[in-house]
Amino acid sequence: MPSRPQGPAPRSAVRLELARALGQFALAPLQLADYAMRRASLRLELAALLESPARIDPAPTPRAPARSLRVFVSCAEHSGQIHAVNVTRAVQRTLAAGGAPSASFAGLGGASLAQAGVELLANPVERAMMGFGGVLQALPWYLKLLESCAAHFRDARPDVAILIDSPALHVPLGRIARRYGVKVLHFVTPQHWAWAPWRTGGYARSVDRALTILPFEPEWFRRRGVAVAHVGHPLQDRLASVARASHPSASPCLALLPGSRARVIELNLPWMLATALRVQERVPGLAVRILQENAEHQGCIAEIVARARASERVEIGAGEIHTSLRGASAALSVSGTVLLDLLHHRLPTVSIYRISNARDTLAYRTLLTAPWFSSINLLASREVVPEYCFRGRGPQDEVVEALVGLLMDPERRRTALRGLELAAERLGPAGACQRAALHALELACEAPA
């Protein structure tokens with residue numbers, strides 16, 4: 001069989017990506033001007049696609065490989081690592097079930113991925129959790145990481161690279177991998193439909209196949225030349241075993257979910273606390289409970305509660321959040337993946353996206369293509385979850401009224417619950433990670449030996 005292209009020297013491959021990034025930065029004013037002229041039509045297109053049927057694409061049936069495959073797996077954040085571990089184990093199970101030789105795995109990730117049998121070249125997950133400085137401070141570390149990966153692609157010649165989420169790392173990494181003849185699968189397509197759609201052309205050239213997780217994404221990416229398959233949301237794999245509350249709590253409880261990172265908590269929790277205490281004054285017997293799974297943030301949360309002089313009025317929950325969610329009546333949450341945990345429990349929710357500076361405020365007002373930022377609203381194609389993006393004090397009075405209504409008004413609750421059921425139906429079934437594994441194996445089996 002013909003050998004794969006050897007590709008450039010690893011350092012040259014990384015320098016090509018750096019030069020490309022600088023070129024894109026120089027072109028940004030022109031891209032922004034073009035986007036401004038087309039924004040209205042892009043918003044109309046996306047609004048129509050939100051009504052797309054929620055259909056999972058049939059998973060491939062790859063042939064059993066006769067030799068041991070070489071698989072590269074990469075994740076850069078905690079949430080992505082959960083999916084990376086699940087996909088890795090699904091690949092292993094599928095090979096074993098088909099009587100094929102076991103694969104060898106190498107890549108980027110953290111301790112959980114190493115425990116799943118992946119030889120780590122570096123640990124970007126730990127770096128993301130520790131939050132080392134800004135872009136310029138982190139750049140030398142990431143350039144060295146890309147160079148190490150390029151050397152691995154050239155020397156180990158993986159059959160497939162499975163890249164999970166984190167497009168800032170994985171789009172350039174995918175392009176580097178393809179320069180060495182490595183097939184690239186990207187699981188969890190970037191939200192280009194919401195922000196800066198001009199990036200999709202570069203994305204299409206960095207992957208052999210992209211896997212979408214929301215029902216309106218496949219057609220949006222196909223129209224822009226990206227080879228995609230819709231596998232559904234990987235969070236459903238974890239939530240499938242999580243029991244939901246079967247009846248309303250006997251006493252009202254408002255859950256506060258201020259985020260999973262220290263800077264997000266510090267930005268949002270004081271505002272959320274002030275809002276919740278006002279709601280508590282309006283709703284007799286209302287308990288307010290702050291939910292946080294990461295024990296490292298407990299001290300920060302306790303300090304914020306003490307500063308608000310709310311220690312006797314607010315509970316701080318620790319550990320796994322789903323037990324507490326089953327006892328909640330409504331939630332006030334930051335935007336993010338946690339909204340899908342709330343959706344699982346069909347919990348009426350108000351979502352906030354609090355902005356810290358004028359630059360981000362301008363970006364939200366001028367660059368957002370999507371009609372909503374909350375995933376639940378995008379799934380339902382309507383505002384099921386009242387959402388507010390703001391800077392400073394913001395619409396606190398409106399948020400208080402929205403929460404009081406969800407807690408006290410039976411008709412408001414019924415309307416919210418109907419919308420949550422619709423969004424949950426469109427999210428799709430569990431099994432996304434198994435379907436992703438089958439797509440990865442199909443690409444790997446296409447690769448030359």
# chains A, B, ... in the order shown; residues from 1 in each chain; ligands from 1
>>> residues_around(residues="Ser112 (chain A)", least_positions_apart="3", cutoff="12 Å", atoms="only C-alpha atoms", output="PyMOL selection string")
chain A and resi 75+77-86+88-89+108-109+115-120+123+125-126
>>> write_last_selection(atoms="N, CA and C atoms", output="short mmCIF file (atom, residue, chain, number, x, y, z; two decimals), in the first residue's frame")
data_model
loop_
_atom_site.label_atom_id
_atom_site.label_comp_id
_atom_site.auth_asym_id
_atom_site.auth_seq_id
_atom_site.Cartn_x
_atom_site.Cartn_y
_atom_site.Cartn_z
N CYS A 75 -8.69 16.15 24.50
CA CYS A 75 -9.66 17.04 25.15
C CYS A 75 -8.88 18.11 25.90
N GLU A 77 -10.69 20.44 28.28
CA GLU A 77 -11.42 20.93 29.45
C GLU A 77 -12.11 19.76 30.14
N HIS A 78 -12.57 20.00 31.37
CA HIS A 78 -13.17 18.92 32.18
C HIS A 78 -14.38 18.30 31.49
N SER A 79 -15.28 19.13 30.97
CA SER A 79 -16.48 18.58 30.34
C SER A 79 -16.11 17.75 29.10
N GLY A 80 -15.16 18.23 28.32
CA GLY A 80 -14.71 17.48 27.16
C GLY A 80 -14.04 16.18 27.54
N GLN A 81 -13.36 16.16 28.68
CA GLN A 81 -12.70 14.93 29.11
C GLN A 81 -13.71 13.83 29.43
N ILE A 82 -14.86 14.20 29.99
CA ILE A 82 -15.90 13.20 30.25
C ILE A 82 -16.29 12.51 28.95
N HIS A 83 -16.50 13.29 27.89
CA HIS A 83 -16.87 12.72 26.60
C HIS A 83 -15.71 11.92 26.00
N ALA A 84 -14.48 12.43 26.16
CA ALA A 84 -13.32 11.73 25.61
C ALA A 84 -13.16 10.36 26.23
N VAL A 85 -13.35 10.27 27.54
CA VAL A 85 -13.26 8.98 28.23
C VAL A 85 -14.35 8.04 27.71
N ASN A 86 -15.56 8.54 27.57
CA ASN A 86 -16.66 7.70 27.10
C ASN A 86 -16.44 7.20 25.67
N THR A 88 -13.47 6.88 24.16
CA THR A 88 -12.35 5.93 24.19
C THR A 88 -12.82 4.55 24.62
N ARG A 89 -13.61 4.50 25.67
CA ARG A 89 -14.11 3.21 26.14
C ARG A 89 -15.06 2.58 25.13
N LEU A 108 -4.07 14.00 24.30
CA LEU A 108 -4.05 15.10 25.26
C LEU A 108 -5.25 14.98 26.19
N GLY A 109 -5.03 15.23 27.46
CA GLY A 109 -6.14 15.16 28.41
C GLY A 109 -5.62 15.19 29.83
N GLN A 115 -6.40 7.19 32.90
CA GLN A 115 -6.94 5.99 33.53
C GLN A 115 -7.73 5.14 32.54
N ALA A 116 -8.25 5.78 31.48
CA ALA A 116 -8.99 5.04 30.45
C ALA A 116 -8.07 4.37 29.45
N GLY A 117 -6.76 4.51 29.64
CA GLY A 117 -5.81 3.80 28.79
C GLY A 117 -5.15 4.64 27.72
N VAL A 118 -5.20 5.97 27.86
CA VAL A 118 -4.60 6.86 26.87
C VAL A 118 -3.24 7.36 27.38
N GLU A 119 -2.20 7.17 26.58
CA GLU A 119 -0.88 7.70 26.92
C GLU A 119 -0.88 9.21 26.64
N LEU A 120 -0.67 10.01 27.67
CA LEU A 120 -0.79 11.46 27.53
C LEU A 120 0.52 12.09 27.07
N ASN A 123 -1.13 17.71 29.37
CA ASN A 123 -2.38 17.79 30.13
C ASN A 123 -2.97 19.20 30.06
N VAL A 125 -6.06 19.89 30.26
CA VAL A 125 -7.22 19.96 31.17
C VAL A 125 -6.81 20.59 32.48
N GLU A 126 -5.69 20.14 33.04
CA GLU A 126 -5.21 20.72 34.29
C GLU A 126 -4.88 22.19 34.12
#
>>> closest_residue(among="A:Arg223, A:His439, A:Arg313, A:Arg261", to="Ala274 (chain A)", atoms="only C-alpha atoms")
A:Arg313
>>> select_by_dssp(residues="region 228-406 of chain A", states="helix (DSSP H, G or I)", output="number ranges by chain")
A: 235-239, 262-282, 295-307, 322-326, 338-344, 358-367, 375-380, 396-406
>>> closest_residue(among="A:Leu367, A:Ala177, A:Leu332, A:Leu143", to="Leu257 (chain A)", atoms="only C-alpha atoms")
A:Leu332
>>> select_by_dssp(residues="region 263-308 of chain A", states="strand (DSSP E or B)", output="list in words")
Ala287, Val288, Arg289, Ile290, Leu291 and Gln292 of chain A
>>> write_last_selection(atoms="N, CA and C atoms", output="PDB file, in the first residue's frame")
ATOM      1  N   ALA A 287     -36.841  28.293  50.524  1.00  0.00           N
ATOM      2  CA  ALA A 287     -35.443  27.979  50.805  1.00  0.00           C
ATOM      3  C   ALA A 287     -34.600  28.350  49.584  1.00  0.00           C
ATOM      4  N   VAL A 288     -33.407  28.877  49.825  1.00  0.00           N
ATOM      5  CA  VAL A 288     -32.470  29.212  48.749  1.00  0.00           C
ATOM      6  C   VAL A 288     -31.232  28.350  48.945  1.00  0.00           C
ATOM      7  N   ARG A 289     -30.873  27.611  47.897  1.00  0.00           N
ATOM      8  CA  ARG A 289     -29.759  26.676  48.010  1.00  0.00           C
ATOM      9  C   ARG A 289     -28.783  26.894  46.858  1.00  0.00           C
ATOM     10  N   ILE A 290     -27.513  27.148  47.168  1.00  0.00           N
ATOM     11  CA  ILE A 290     -26.459  27.293  46.164  1.00  0.00           C
ATOM     12  C   ILE A 290     -25.880  25.911  45.884  1.00  0.00           C
ATOM     13  N   LEU A 291     -25.837  25.533  44.607  1.00  0.00           N
ATOM     14  CA  LEU A 291     -25.351  24.205  44.237  1.00  0.00           C
ATOM     15  C   LEU A 291     -24.004  24.316  43.537  1.00  0.00           C
ATOM     16  N   GLN A 292     -23.065  23.507  43.984  1.00  0.00           N
ATOM     17  CA  GLN A 292     -21.720  23.520  43.429  1.00  0.00           C
ATOM     18  C   GLN A 292     -21.075  22.156  43.666  1.00  0.00           C
TER      19      GLN A 292
END
>>> closest_atom_pairs(of="region 304-326 of chain A", to="region 293-300 of chain A", cutoff="9 Å", atoms="only C-alpha atoms", output="Markdown table")
| residue | atom | partner | partner_atom | distance |
| --- | --- | --- | --- | --- |
| A:Ile304 | CA | A:Cys300 | CA | 6.4 |
| A:Val305 | CA | A:Cys300 | CA | 8.8 |
| A:Ile316 | CA | A:Gln298 | CA | 8.0 |
| A:Gly317 | CA | A:Glu293 | CA | 8.1 |
| A:Ala318 | CA | A:Glu293 | CA | 5.8 |
| A:Gly319 | CA | A:Glu293 | CA | 4.4 |
| A:Glu320 | CA | A:Glu293 | CA | 5.5 |
| A:Ile321 | CA | A:Glu293 | CA | 6.3 |
>>> write_last_selection(atoms="C-alpha atoms", output="PDB file, in the first residue's frame")
ATOM      1  CA  ILE A 304     -19.480  35.623  49.179  1.00  0.00           C
ATOM      2  CA  VAL A 305     -22.475  34.476  51.253  1.00  0.00           C
ATOM      3  CA  ILE A 316     -24.604  25.876  50.432  1.00  0.00           C
ATOM      4  CA  GLY A 317     -24.924  22.485  48.780  1.00  0.00           C
ATOM      5  CA  ALA A 318     -21.853  20.338  48.207  1.00  0.00           C
ATOM      6  CA  GLY A 319     -21.179  17.371  45.965  1.00  0.00           C
ATOM      7  CA  GLU A 320     -23.377  15.860  43.260  1.00  0.00           C
ATOM      8  CA  ILE A 321     -26.078  18.375  42.292  1.00  0.00           C
TER       9      ILE A 321
END
